[in-house]
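> Dropping in model-v3.tsv, which is TSV, C-alpha atoms:
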```tsv
chain	number	residue	atom	x	y	z
O	11	SER	CA	-96.88	-18.56	24.31
O	12	ASN	CA	-96.44	-18.93	20.55
O	13	HIS	CA	-92.85	-20.05	20.99
O	14	ARG	CA	-93.81	-22.56	23.70
O	15	THR	CA	-96.57	-23.98	21.48
O	16	LEU	CA	-94.19	-24.87	18.65
O	17	ALA	CA	-91.47	-26.05	21.04
O	18	ARG	CA	-94.01	-28.47	22.53
O	19	ILE	CA	-95.22	-29.69	19.12
O	20	TYR	CA	-91.71	-30.34	17.77
O	21	ARG	CA	-89.98	-31.54	20.95
O	22	GLY	CA	-87.85	-34.56	20.00
O	23	HIS	CA	-88.41	-34.12	16.26
O	24	PRO	CA	-85.79	-35.89	14.10
O	25	PHE	CA	-84.70	-32.86	12.05
O	26	ILE	CA	-86.51	-29.78	13.40
O	27	HIS	CA	-85.54	-28.08	16.65
O	28	ILE	CA	-87.36	-25.27	18.42
O	29	PRO	CA	-85.31	-23.86	21.33
O	30	GLU	CA	-87.11	-24.16	24.66
O	31	VAL	CA	-88.31	-21.01	26.42
O	32	VAL	CA	-86.49	-20.38	29.73
O	33	THR	CA	-89.53	-19.22	31.68
O	34	SER	CA	-87.65	-18.28	34.84
O	35	LEU	CA	-85.65	-15.64	32.94
O	36	CYS	CA	-88.54	-14.18	30.95
O	37	ARG	CA	-90.26	-10.91	31.76
O	38	GLU	CA	-93.25	-9.06	30.34
O	39	ARG	CA	-91.23	-7.61	27.45
O	40	ILE	CA	-88.30	-10.04	27.36
O	41	ILE	CA	-88.25	-13.63	26.15
O	42	VAL	CA	-85.24	-15.83	26.85
O	43	SER	CA	-84.81	-19.15	25.08
O	44	GLU	CA	-82.32	-22.00	24.97
O	45	TYR	CA	-79.05	-21.01	23.30
O	46	VAL	CA	-78.33	-22.77	20.03
O	47	GLU	CA	-75.16	-22.68	17.99
O	48	GLY	CA	-74.44	-23.79	14.47
O	49	GLU	CA	-74.07	-22.73	10.85
O	50	ARG	CA	-75.94	-19.69	9.65
O	51	PHE	CA	-77.88	-19.54	6.43
O	52	GLU	CA	-75.04	-18.03	4.39
O	53	GLN	CA	-72.86	-21.05	5.11
O	54	ILE	CA	-75.63	-23.46	4.19
O	55	ALA	CA	-76.41	-21.60	0.95
O	56	SER	CA	-72.78	-21.87	-0.18
O	57	GLY	CA	-72.59	-25.60	0.56
O	58	PRO	CA	-73.06	-28.66	-1.67
O	59	GLN	CA	-76.31	-29.16	-3.58
O	60	GLU	CA	-77.26	-32.29	-1.65
O	61	GLU	CA	-77.22	-30.43	1.67
O	62	ARG	CA	-79.02	-27.41	0.23
O	63	ASP	CA	-81.73	-29.78	-1.00
O	64	ARG	CA	-81.97	-31.39	2.43
O	65	VAL	CA	-82.20	-28.09	4.30
O	66	GLY	CA	-84.70	-26.79	1.73
O	67	GLU	CA	-86.96	-29.76	2.35
O	68	ILE	CA	-86.69	-29.23	6.11
O	69	VAL	CA	-87.62	-25.56	5.73
O	70	TYR	CA	-90.57	-26.51	3.52
O	71	ARG	CA	-91.76	-29.23	5.86
O	72	PHE	CA	-91.49	-27.02	8.93
O	73	TYR	CA	-93.32	-23.95	7.67
O	74	PHE	CA	-95.90	-25.61	5.43
O	75	GLY	CA	-96.30	-28.58	7.75
O	76	SER	CA	-96.89	-26.34	10.76
O	77	MET	CA	-99.63	-24.53	8.88
O	78	TYR	CA	-101.35	-27.48	7.22
O	79	ARG	CA	-100.92	-30.10	9.95
O	80	HIS	CA	-101.07	-28.09	13.15
O	81	ARG	CA	-102.88	-24.89	12.11
O	82	ARG	CA	-100.21	-22.87	13.90
O	83	PHE	CA	-97.24	-21.33	12.15
O	84	SER	CA	-94.63	-18.60	12.09
O	85	GLY	CA	-95.38	-15.93	9.53
O	86	ASP	CA	-91.77	-14.83	9.22
O	87	PRO	CA	-89.73	-17.46	7.39
O	88	HIS	CA	-86.48	-15.79	6.44
O	89	PRO	CA	-82.80	-16.80	6.45
O	90	GLY	CA	-81.97	-15.10	9.75
O	91	ASN	CA	-84.42	-17.34	11.61
O	92	MET	CA	-82.77	-20.68	10.94
O	93	ILE	CA	-79.52	-22.32	12.10
O	94	ARG	CA	-78.16	-25.76	11.17
O	95	LEU	CA	-77.00	-27.57	14.28
O	96	ALA	CA	-73.97	-29.85	14.46
O	97	ASP	CA	-76.19	-32.95	14.39
O	98	GLY	CA	-77.87	-31.89	11.13
O	99	ARG	CA	-81.13	-30.66	12.63
O	100	VAL	CA	-82.29	-27.16	11.74
O	101	ALA	CA	-83.24	-24.82	14.60
O	102	PHE	CA	-85.94	-22.25	13.88
O	103	LEU	CA	-86.12	-18.98	15.80
O	104	ASP	CA	-88.37	-15.96	16.36
O	105	PHE	CA	-92.11	-16.53	16.66
O	106	GLY	CA	-93.26	-12.98	17.25
O	107	LEU	CA	-95.25	-12.99	14.01
O	108	PHE	CA	-97.49	-15.99	14.50
O	109	LYS	CA	-100.82	-17.26	13.21
O	110	SER	CA	-103.35	-19.82	14.38
O	111	LEU	CA	-106.07	-20.96	11.98
O	112	GLU	CA	-109.52	-22.31	12.75
O	113	ARG	CA	-110.15	-25.81	11.43
O	114	GLU	CA	-112.73	-24.57	8.92
O	115	ALA	CA	-110.23	-22.12	7.42
O	116	MET	CA	-107.61	-24.84	7.16
O	117	GLU	CA	-110.04	-27.20	5.45
O	118	LEU	CA	-110.68	-24.49	2.87
O	119	GLU	CA	-106.93	-24.07	2.35
O	120	LEU	CA	-106.47	-27.80	1.83
O	121	ALA	CA	-109.50	-28.09	-0.47
O	122	SER	CA	-108.13	-25.23	-2.59
O	123	GLY	CA	-104.76	-26.96	-2.80
O	124	ARG	CA	-106.37	-30.21	-3.91
O	125	ALA	CA	-108.46	-28.47	-6.57
O	126	ALA	CA	-105.41	-26.61	-7.88
O	127	SER	CA	-103.32	-29.80	-7.93
O	128	ASP	CA	-106.05	-31.60	-9.86
O	129	ARG	CA	-106.38	-28.61	-12.23
O	130	ASP	CA	-110.08	-28.59	-11.34
O	131	ALA	CA	-110.83	-25.05	-12.53
O	132	VAL	CA	-114.59	-25.31	-12.08
O	133	GLY	CA	-114.27	-26.80	-8.60
O	134	LEU	CA	-111.75	-24.16	-7.49
O	135	HIS	CA	-113.94	-21.35	-8.84
O	136	ARG	CA	-116.99	-22.71	-7.03
O	137	LEU	CA	-115.02	-23.15	-3.81
O	138	TRP	CA	-113.75	-19.57	-3.84
O	139	ALA	CA	-117.10	-18.12	-4.89
O	140	ASP	CA	-118.96	-19.98	-2.14
O	141	ASN	CA	-116.47	-18.77	0.49
O	142	GLY	CA	-116.46	-15.11	-0.44
O	143	PHE	CA	-113.12	-14.90	-2.28
O	144	LEU	CA	-114.92	-13.93	-5.51
O	145	PRO	CA	-117.52	-11.26	-4.62
O	146	GLU	CA	-118.70	-11.16	-8.24
O	147	PRO	CA	-117.98	-14.67	-9.52
O	148	ASP	CA	-119.18	-13.96	-13.05
O	149	ARG	CA	-116.41	-11.42	-13.57
O	150	ILE	CA	-113.73	-14.15	-13.44
O	151	SER	CA	-113.97	-17.36	-15.43
O	152	PRO	CA	-112.79	-20.66	-13.95
O	153	GLU	CA	-110.04	-20.78	-16.57
O	154	GLU	CA	-108.80	-17.28	-15.71
O	155	LEU	CA	-108.76	-18.12	-12.02
O	156	MET	CA	-106.89	-21.37	-12.57
O	157	ALA	CA	-104.27	-19.63	-14.74
O	158	TYR	CA	-103.67	-17.11	-11.95
O	159	VAL	CA	-103.41	-19.77	-9.25
O	160	GLU	CA	-101.10	-21.94	-11.37
O	161	ASP	CA	-98.68	-19.04	-11.85
O	162	ALA	CA	-98.65	-18.44	-8.10
O	163	VAL	CA	-98.23	-22.00	-6.81
O	164	TRP	CA	-97.06	-24.02	-9.82
O	165	TRP	CA	-93.95	-25.14	-7.97
O	166	TYR	CA	-95.85	-27.27	-5.46
O	167	ILE	CA	-98.83	-28.37	-7.57
O	168	THR	CA	-96.68	-29.71	-10.42
O	169	ASP	CA	-95.63	-33.35	-10.11
O	170	GLU	CA	-92.01	-32.87	-11.19
O	171	VAL	CA	-88.59	-32.43	-9.65
O	172	ILE	CA	-88.11	-28.65	-9.64
O	173	GLN	CA	-85.17	-26.49	-8.65
O	174	ILE	CA	-86.23	-23.18	-7.12
O	175	THR	CA	-84.14	-20.29	-8.43
O	176	PRO	CA	-84.19	-16.55	-7.66
O	177	ASP	CA	-85.65	-15.91	-11.12
O	178	ALA	CA	-88.51	-18.31	-10.39
O	179	VAL	CA	-89.19	-16.53	-7.10
O	180	GLN	CA	-89.30	-13.16	-8.87
O	181	ARG	CA	-91.76	-14.47	-11.48
O	182	VAL	CA	-94.08	-15.83	-8.81
O	183	ALA	CA	-93.91	-12.57	-6.82
O	184	ILE	CA	-94.85	-10.52	-9.87
O	185	GLN	CA	-97.55	-12.83	-11.19
O	186	SER	CA	-99.24	-13.36	-7.83
O	187	GLY	CA	-99.34	-9.87	-6.38
O	188	ASP	CA	-97.95	-7.10	-8.56
O	189	PRO	CA	-99.72	-4.63	-10.88
O	190	ARG	CA	-97.34	-5.77	-13.63
O	191	SER	CA	-98.87	-9.26	-13.48
O	192	THR	CA	-100.68	-10.61	-16.52
O	193	HIS	CA	-103.39	-11.58	-14.01
O	194	PHE	CA	-103.92	-8.11	-12.55
O	195	SER	CA	-107.52	-7.93	-13.76
O	196	VAL	CA	-108.20	-11.23	-11.98
O	197	MET	CA	-106.58	-9.98	-8.77
O	198	ARG	CA	-108.73	-6.85	-8.76
O	199	HIS	CA	-111.90	-8.91	-8.51
O	200	GLN	CA	-110.78	-11.11	-5.64
O	201	ARG	CA	-111.25	-10.55	-1.94
O	202	VAL	CA	-108.80	-12.57	0.12
O	203	LYS	CA	-110.09	-12.91	3.66
O	204	ALA	CA	-107.79	-11.70	6.41
O	205	GLU	CA	-107.75	-15.18	7.93
O	206	HIS	CA	-105.85	-16.44	4.86
O	207	LEU	CA	-103.45	-13.57	4.16
O	208	MET	CA	-100.70	-14.86	6.45
O	209	GLY	CA	-100.68	-18.16	4.57
O	210	ARG	CA	-100.03	-16.36	1.30
O	211	ARG	CA	-97.17	-14.44	2.93
O	212	LEU	CA	-95.73	-17.70	4.23
O	213	GLU	CA	-95.86	-19.35	0.80
O	214	LEU	CA	-93.97	-16.53	-0.89
O	215	LEU	CA	-91.34	-16.14	1.83
O	216	VAL	CA	-90.66	-19.88	2.00
O	217	LEU	CA	-90.30	-19.88	-1.78
O	218	ALA	CA	-87.78	-17.01	-1.45
O	219	VAL	CA	-85.71	-19.01	1.06
O	220	LEU	CA	-85.76	-22.05	-1.24
O	221	GLY	CA	-84.66	-19.78	-4.10
O	222	GLU	CA	-81.66	-18.54	-2.14
O	223	LEU	CA	-80.74	-22.15	-1.42
O	224	ARG	CA	-81.51	-23.17	-5.02
O	225	SER	CA	-83.09	-26.27	-3.51
O	226	THR	CA	-84.40	-29.10	-5.67
O	227	ALA	CA	-87.23	-31.51	-4.86
O	228	ASN	CA	-90.57	-32.79	-6.02
O	229	TRP	CA	-92.37	-30.28	-3.83
O	230	HIS	CA	-95.76	-31.56	-4.98
O	231	ARG	CA	-95.13	-35.10	-3.73
O	232	ILE	CA	-94.23	-33.70	-0.32
O	233	ALA	CA	-97.29	-31.43	-0.29
O	234	ARG	CA	-99.52	-34.38	-1.08
O	235	GLU	CA	-98.69	-35.78	2.35
O	236	TRP	CA	-100.81	-33.07	3.99
O	237	MET	CA	-103.14	-32.25	1.08
O	238	PHE	CA	-104.17	-35.82	0.21
O	239	GLY	CA	-102.83	-37.89	3.10
O	240	ASP	CA	-100.33	-39.69	0.84
O	241	GLU	CA	-97.53	-41.84	2.20
O	242	PRO	CA	-94.18	-40.05	2.83
O	243	ALA	CA	-92.46	-39.07	-0.39
O	244	THR	CA	-88.89	-38.86	0.96
O	245	GLU	CA	-86.60	-40.28	3.61
O	246	LEU	CA	-87.13	-37.19	5.75
O	247	GLY	CA	-90.85	-37.66	5.33
O	248	GLN	CA	-90.59	-41.23	6.57
O	249	HIS	CA	-88.67	-40.13	9.67
O	250	GLU	CA	-91.24	-37.45	10.33
O	251	ALA	CA	-94.18	-39.83	9.85
O	252	GLU	CA	-92.65	-42.19	12.41
O	253	PHE	CA	-92.24	-39.30	14.83
O	254	TRP	CA	-95.86	-38.17	14.49
O	255	SER	CA	-97.08	-41.75	14.76
O	256	ALA	CA	-95.18	-42.25	18.00
O	257	ARG	CA	-96.69	-39.02	19.31
O	258	GLY	CA	-100.20	-40.09	18.30
O	259	VAL	CA	-100.47	-37.22	15.82
O	260	PRO	CA	-102.00	-37.92	12.39
O	261	ALA	CA	-99.22	-37.73	9.80
```
Kindly return the structure encoded in the file as structure tokens.

Amino acid sequence: SNHRTLARIYRGHPFIHIPEVVTSLCRERIIVSEYVEGERFEQIASGPQEERDRVGEIVYRFYFGSMYRHRRFSGDPHPGNMIRLADGRVAFLDFGLFKSLEREAMELELASGRAASDRDAVGLHRLWADNGFLPEPDRISPEELMAYVEDAVWWYITDEVIQITPDAVQRVAIQSGDPRSTHFSVMRHQRVKAEHLMGRRLELLVLAVLGELRSTANWHRIAREWMFGDEPATELGQHEAEFWSARGVPA
């Protein structure tokens, strides 16, 4: 059902392909899908920078876009679940770990992203306190909270062209969820609701994939498309916007 949902959403997409489920061959414990063939991640990661940037943007748009636009997403973005097809599209596989978000939860996610992008420390603190993420709001100042969030998501709230490297991934992993983090005291006084945990996993694992590709982009400008409703920031974004428009889906 999860697989069929994404296959339906992305059917005919210009650069994302979800193999169709072959229902007649499926059983209670067996799923059979369309066979796809192409280059595995290791080949892509050893290719030219331009193509690594392109594939990185596709990965980012698929996983983040699925979550923020459609409220349905795979929680397992890793190199083994993507294949570049001969026509340049990227096929994504394996939707056993899957999450659907209620609209209210997604609105909170987007509002948090906008506040972080605007460096609105007071607004972000109020938003998280009002929604139960800070059980004792007075124990964390707005400035402390913003510093923690910036170290976790700086790469897509900073309006610059940024190359993601393995070292950058490691820094984010430590600062956002490790006892060695300089923000550990802030983490201890947060309560992340279960509804939002899968999104945090997705962010870190997508970042890890981009780090293996060493992809470069202005990730913030792309993110603004779903956070602020901005016009497409790239050529891929323009192709995607035309696709959603033709489907009657808000871009």
> Let me make sure I understand: among O:Ile232, O:Leu107, O:Leu35, O:Leu217, which one has the smallest atom-to-atom distance to Val179 (chain O) if we use all atoms listed in the file?
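Between O:Ile232, O:Leu107, O:Leu35, O:Leu217, the residue approaching Val179 (chain O) most closely is O:Leu217.
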> Could you list, as a VMD selection string, every residue within 9 Å of region 20-31 of chain O, counting only C-alpha atoms and ignoring same-chain residues fewer than 3 positions away?
chain O and resid 13 to 17 34 to 36 41 to 46 68 to 69 72 95 97 to 103 246 249 to 250 253 to 254
> Can you work out which one of O:Arg224, O:Lys109, O:Arg81, O:Arg201 has the shortest atom-to-atom distance to Asp63 (chain O), counting only C-alpha atoms?
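With only C-alpha atoms as the atom set, the closest residue is O:Arg224.
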> Under the rule that all atoms listed in the file are counted, which of O:Ala256, O:Val202, O:Ala131, O:Val219 is the nearest residue to Glu52 (chain O)?
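Using all atoms listed in the file, the shortest distance to Glu52 (chain O) belongs to O:Val219.
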> Out of O:Phe108, O:Gly133, O:Gly57, O:Glu222, which residue has the shortest atom-to-atom distance to His88 (chain O) when counting only C-alpha atoms?
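Closest to His88 (chain O), using only C-alpha atoms: O:Glu222.
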> Determine the nearest neighbour of Lys203 (chain O) from the options O:Ser110, O:Asn141, O:Thr33, O:Ser11, counting all atoms listed in the file.
O:Asn141
> Show me as a list in words the residues that reach within 12 Å of (-108.7, -28.4, 8.7), counting only C-alpha atoms and using the file's own coordinates.
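Those residues lying close to the given coordinates are Met77, Tyr78, Arg79, His80, Arg81, Arg82, Ser110, Leu111, Glu112, Arg113, Glu114, Ala115, Met116, Glu117, Leu118, Glu119, Leu120, Ala121, Ser122, Trp236 and Met237 of chain O.
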> Counting all atoms listed in the file, which of O:His206, O:Arg190, O:His135, O:Arg50 gets nearest to Ile93 (chain O)?
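Checking each candidate against Ile93 (chain O), we get O:Arg50 as the closest.
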> I'd like the interatomic distance between CA of Glu170 (chain O) and CA of Arg211 (chain O), to a tenth of an Å.
23.8 Å
> For Phe194 (chain O), list every protein, DNA or RNA residue within 12 Å, evaluated using all atoms listed in the file, and leave out those in the same chain fewer than 5 positions away; present the list as a list in words.
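Using all atoms listed in the file, the neighbours found are Ile150, Glu154, Leu155, Ala157, Tyr158, Ile184, Gln185, Ser186, Gly187, Asp188, Pro189, His199 and Gln200 of chain O.
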> Provide the CA of Trp165 (chain O) to CA of Leu144 (chain O) distance in Å, to one decimal place.
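Separation between CA of Trp165 (chain O) and CA of Leu144 (chain O): 23.9 Å.
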> Work out how far CA of Leu212 (chain O) is from CA of Phe143 (chain O), in Å to one decimal.
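Taking CA of Phe143 (chain O) and CA of Leu212 (chain O), their separation equals 18.8 Å.
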> Pull the neighbourhood of (-97.3, -28.2, -5.0) for me: all residues within 8 Å in file coordinates, counting all atoms listed in the file, as a ChimeraX atom specification.
/O:123,127,163-169,229-234
> Please, could you write that set of residues out with C-alpha atoms as a PDB file, in the frame of the given file?

```
ATOM      1  CA  GLY O 123    -104.760 -26.960  -2.800  1.00  0.00           C
ATOM      2  CA  SER O 127    -103.320 -29.800  -7.930  1.00  0.00           C
ATOM      3  CA  VAL O 163     -98.230 -22.000  -6.810  1.00  0.00           C
ATOM      4  CA  TRP O 164     -97.060 -24.020  -9.820  1.00  0.00           C
ATOM      5  CA  TRP O 165     -93.950 -25.140  -7.970  1.00  0.00           C
ATOM      6  CA  TYR O 166     -95.850 -27.270  -5.460  1.00  0.00           C
ATOM      7  CA  ILE O 167     -98.830 -28.370  -7.570  1.00  0.00           C
ATOM      8  CA  THR O 168     -96.680 -29.710 -10.420  1.00  0.00           C
ATOM      9  CA  ASP O 169     -95.630 -33.350 -10.110  1.00  0.00           C
ATOM     10  CA  TRP O 229     -92.370 -30.280  -3.830  1.00  0.00           C
ATOM     11  CA  HIS O 230     -95.760 -31.560  -4.980  1.00  0.00           C
ATOM     12  CA  ARG O 231     -95.130 -35.100  -3.730  1.00  0.00           C
ATOM     13  CA  ILE O 232     -94.230 -33.700  -0.320  1.00  0.00           C
ATOM     14  CA  ALA O 233     -97.290 -31.430  -0.290  1.00  0.00           C
ATOM     15  CA  ARG O 234     -99.520 -34.380  -1.080  1.00  0.00           C
TER      16      ARG O 234
END
```
> Quick one: 8 Å padding each side, axis-aligned, all listed atoms of region 44-47 of chain O - centre and edge lengths in Å to one decimal, as JSON?

```
{"center_x": -78.7, "center_y": -21.9, "center_z": 21.5, "size_x": 23.2, "size_y": 17.8, "size_z": 23.0}
```
> N, CA, C and O atoms are needed for region 174-200 of chain O; please write them out as a PDB file, in the frame of the given file.

```pdb
ATOM      1  N   ILE O 174     -85.756 -24.547  -7.334  1.00  0.00           N
ATOM      2  CA  ILE O 174     -86.230 -23.180  -7.120  1.00  0.00           C
ATOM      3  C   ILE O 174     -85.052 -22.227  -7.287  1.00  0.00           C
ATOM      4  O   ILE O 174     -84.029 -22.374  -6.612  1.00  0.00           O
ATOM      5  N   THR O 175     -85.191 -21.271  -8.172  1.00  0.00           N
ATOM      6  CA  THR O 175     -84.140 -20.290  -8.430  1.00  0.00           C
ATOM      7  C   THR O 175     -84.654 -18.891  -8.093  1.00  0.00           C
ATOM      8  O   THR O 175     -85.864 -18.660  -8.025  1.00  0.00           O
ATOM      9  N   PRO O 176     -83.741 -17.934  -7.906  1.00  0.00           N
ATOM     10  CA  PRO O 176     -84.190 -16.550  -7.660  1.00  0.00           C
ATOM     11  C   PRO O 176     -85.078 -16.010  -8.768  1.00  0.00           C
ATOM     12  O   PRO O 176     -86.025 -15.255  -8.502  1.00  0.00           O
ATOM     13  N   ASP O 177     -84.800 -16.376 -10.013  1.00  0.00           N
ATOM     14  CA  ASP O 177     -85.650 -15.910 -11.120  1.00  0.00           C
ATOM     15  C   ASP O 177     -87.067 -16.458 -10.994  1.00  0.00           C
ATOM     16  O   ASP O 177     -88.040 -15.744 -11.261  1.00  0.00           O
ATOM     17  N   ALA O 178     -87.185 -17.718 -10.571  1.00  0.00           N
ATOM     18  CA  ALA O 178     -88.510 -18.310 -10.390  1.00  0.00           C
ATOM     19  C   ALA O 178     -89.267 -17.597  -9.276  1.00  0.00           C
ATOM     20  O   ALA O 178     -90.476 -17.348  -9.379  1.00  0.00           O
ATOM     21  N   VAL O 179     -88.558 -17.247  -8.213  1.00  0.00           N
ATOM     22  CA  VAL O 179     -89.190 -16.530  -7.100  1.00  0.00           C
ATOM     23  C   VAL O 179     -89.708 -15.175  -7.583  1.00  0.00           C
ATOM     24  O   VAL O 179     -90.833 -14.767  -7.265  1.00  0.00           O
ATOM     25  N   GLN O 180     -88.897 -14.480  -8.365  1.00  0.00           N
ATOM     26  CA  GLN O 180     -89.300 -13.160  -8.870  1.00  0.00           C
ATOM     27  C   GLN O 180     -90.544 -13.269  -9.753  1.00  0.00           C
ATOM     28  O   GLN O 180     -91.465 -12.448  -9.647  1.00  0.00           O
ATOM     29  N   ARG O 181     -90.595 -14.300 -10.598  1.00  0.00           N
ATOM     30  CA  ARG O 181     -91.760 -14.470 -11.480  1.00  0.00           C
ATOM     31  C   ARG O 181     -93.027 -14.710 -10.660  1.00  0.00           C
ATOM     32  O   ARG O 181     -94.076 -14.144 -10.955  1.00  0.00           O
ATOM     33  N   VAL O 182     -92.916 -15.554  -9.646  1.00  0.00           N
ATOM     34  CA  VAL O 182     -94.080 -15.830  -8.810  1.00  0.00           C
ATOM     35  C   VAL O 182     -94.527 -14.560  -8.087  1.00  0.00           C
ATOM     36  O   VAL O 182     -95.730 -14.260  -8.016  1.00  0.00           O
ATOM     37  N   ALA O 183     -93.576 -13.796  -7.554  1.00  0.00           N
ATOM     38  CA  ALA O 183     -93.910 -12.570  -6.820  1.00  0.00           C
ATOM     39  C   ALA O 183     -94.652 -11.589  -7.722  1.00  0.00           C
ATOM     40  O   ALA O 183     -95.645 -10.963  -7.307  1.00  0.00           O
ATOM     41  N   ILE O 184     -94.201 -11.450  -8.945  1.00  0.00           N
ATOM     42  CA  ILE O 184     -94.850 -10.520  -9.870  1.00  0.00           C
ATOM     43  C   ILE O 184     -96.222 -11.035 -10.293  1.00  0.00           C
ATOM     44  O   ILE O 184     -97.222 -10.315 -10.254  1.00  0.00           O
ATOM     45  N   GLN O 185     -96.301 -12.302 -10.670  1.00  0.00           N
ATOM     46  CA  GLN O 185     -97.550 -12.830 -11.190  1.00  0.00           C
ATOM     47  C   GLN O 185     -98.626 -12.964 -10.125  1.00  0.00           C
ATOM     48  O   GLN O 185     -99.819 -12.904 -10.435  1.00  0.00           O
ATOM     49  N   SER O 186     -98.243 -13.115  -8.867  1.00  0.00           N
ATOM     50  CA  SER O 186     -99.240 -13.360  -7.830  1.00  0.00           C
ATOM     51  C   SER O 186     -99.693 -12.115  -7.084  1.00  0.00           C
ATOM     52  O   SER O 186    -100.737 -12.137  -6.426  1.00  0.00           O
ATOM     53  N   GLY O 187     -98.937 -10.999  -7.188  1.00  0.00           N
ATOM     54  CA  GLY O 187     -99.340  -9.870  -6.380  1.00  0.00           C
ATOM     55  C   GLY O 187     -98.814  -8.510  -6.805  1.00  0.00           C
ATOM     56  O   GLY O 187     -98.677  -7.612  -5.976  1.00  0.00           O
ATOM     57  N   ASP O 188     -98.541  -8.339  -8.087  1.00  0.00           N
ATOM     58  CA  ASP O 188     -97.950  -7.100  -8.560  1.00  0.00           C
ATOM     59  C   ASP O 188     -98.809  -6.533  -9.700  1.00  0.00           C
ATOM     60  O   ASP O 188     -99.321  -7.291 -10.517  1.00  0.00           O
ATOM     61  N   PRO O 189     -98.956  -5.214  -9.770  1.00  0.00           N
ATOM     62  CA  PRO O 189     -99.720  -4.630 -10.880  1.00  0.00           C
ATOM     63  C   PRO O 189     -99.182  -4.969 -12.266  1.00  0.00           C
ATOM     64  O   PRO O 189     -99.903  -4.879 -13.259  1.00  0.00           O
ATOM     65  N   ARG O 190     -97.912  -5.384 -12.339  1.00  0.00           N
ATOM     66  CA  ARG O 190     -97.340  -5.770 -13.630  1.00  0.00           C
ATOM     67  C   ARG O 190     -97.772  -7.171 -14.059  1.00  0.00           C
ATOM     68  O   ARG O 190     -97.497  -7.589 -15.184  1.00  0.00           O
ATOM     69  N   SER O 191     -98.454  -7.890 -13.192  1.00  0.00           N
ATOM     70  CA  SER O 191     -98.870  -9.260 -13.480  1.00  0.00           C
ATOM     71  C   SER O 191     -99.822  -9.317 -14.664  1.00  0.00           C
ATOM     72  O   SER O 191    -100.659  -8.435 -14.859  1.00  0.00           O
ATOM     73  N   THR O 192     -99.720 -10.384 -15.436  1.00  0.00           N
ATOM     74  CA  THR O 192    -100.680 -10.610 -16.520  1.00  0.00           C
ATOM     75  C   THR O 192    -102.058 -10.959 -15.971  1.00  0.00           C
ATOM     76  O   THR O 192    -103.033 -10.993 -16.711  1.00  0.00           O
ATOM     77  N   HIS O 193    -102.121 -11.218 -14.650  1.00  0.00           N
ATOM     78  CA  HIS O 193    -103.390 -11.580 -14.010  1.00  0.00           C
ATOM     79  C   HIS O 193    -103.951 -10.433 -13.166  1.00  0.00           C
ATOM     80  O   HIS O 193    -104.809 -10.666 -12.317  1.00  0.00           O
ATOM     81  N   PHE O 194    -103.502  -9.210 -13.420  1.00  0.00           N
ATOM     82  CA  PHE O 194    -103.920  -8.110 -12.550  1.00  0.00           C
ATOM     83  C   PHE O 194    -105.441  -7.918 -12.559  1.00  0.00           C
ATOM     84  O   PHE O 194    -106.051  -7.625 -11.525  1.00  0.00           O
ATOM     85  N   SER O 195    -106.060  -8.102 -13.701  1.00  0.00           N
ATOM     86  CA  SER O 195    -107.520  -7.930 -13.760  1.00  0.00           C
ATOM     87  C   SER O 195    -108.231  -8.986 -12.915  1.00  0.00           C
ATOM     88  O   SER O 195    -109.295  -8.729 -12.347  1.00  0.00           O
ATOM     89  N   VAL O 196    -107.633 -10.191 -12.821  1.00  0.00           N
ATOM     90  CA  VAL O 196    -108.200 -11.230 -11.980  1.00  0.00           C
ATOM     91  C   VAL O 196    -108.021 -10.872 -10.501  1.00  0.00           C
ATOM     92  O   VAL O 196    -108.941 -11.021  -9.682  1.00  0.00           O
ATOM     93  N   MET O 197    -106.847 -10.369 -10.157  1.00  0.00           N
ATOM     94  CA  MET O 197    -106.580  -9.980  -8.770  1.00  0.00           C
ATOM     95  C   MET O 197    -107.549  -8.911  -8.287  1.00  0.00           C
ATOM     96  O   MET O 197    -108.002  -8.937  -7.146  1.00  0.00           O
ATOM     97  N   ARG O 198    -107.881  -7.977  -9.150  1.00  0.00           N
ATOM     98  CA  ARG O 198    -108.730  -6.850  -8.760  1.00  0.00           C
ATOM     99  C   ARG O 198    -110.126  -7.298  -8.347  1.00  0.00           C
ATOM    100  O   ARG O 198    -110.819  -6.576  -7.628  1.00  0.00           O
ATOM    101  N   HIS O 199    -110.542  -8.447  -8.817  1.00  0.00           N
ATOM    102  CA  HIS O 199    -111.900  -8.910  -8.510  1.00  0.00           C
ATOM    103  C   HIS O 199    -111.914 -10.054  -7.502  1.00  0.00           C
ATOM    104  O   HIS O 199    -112.869 -10.807  -7.419  1.00  0.00           O
ATOM    105  N   GLN O 200    -110.828 -10.151  -6.734  1.00  0.00           N
ATOM    106  CA  GLN O 200    -110.780 -11.110  -5.640  1.00  0.00           C
ATOM    107  C   GLN O 200    -110.850 -10.375  -4.304  1.00  0.00           C
ATOM    108  O   GLN O 200    -110.532  -9.188  -4.214  1.00  0.00           O
TER     109      GLN O 200
END
```
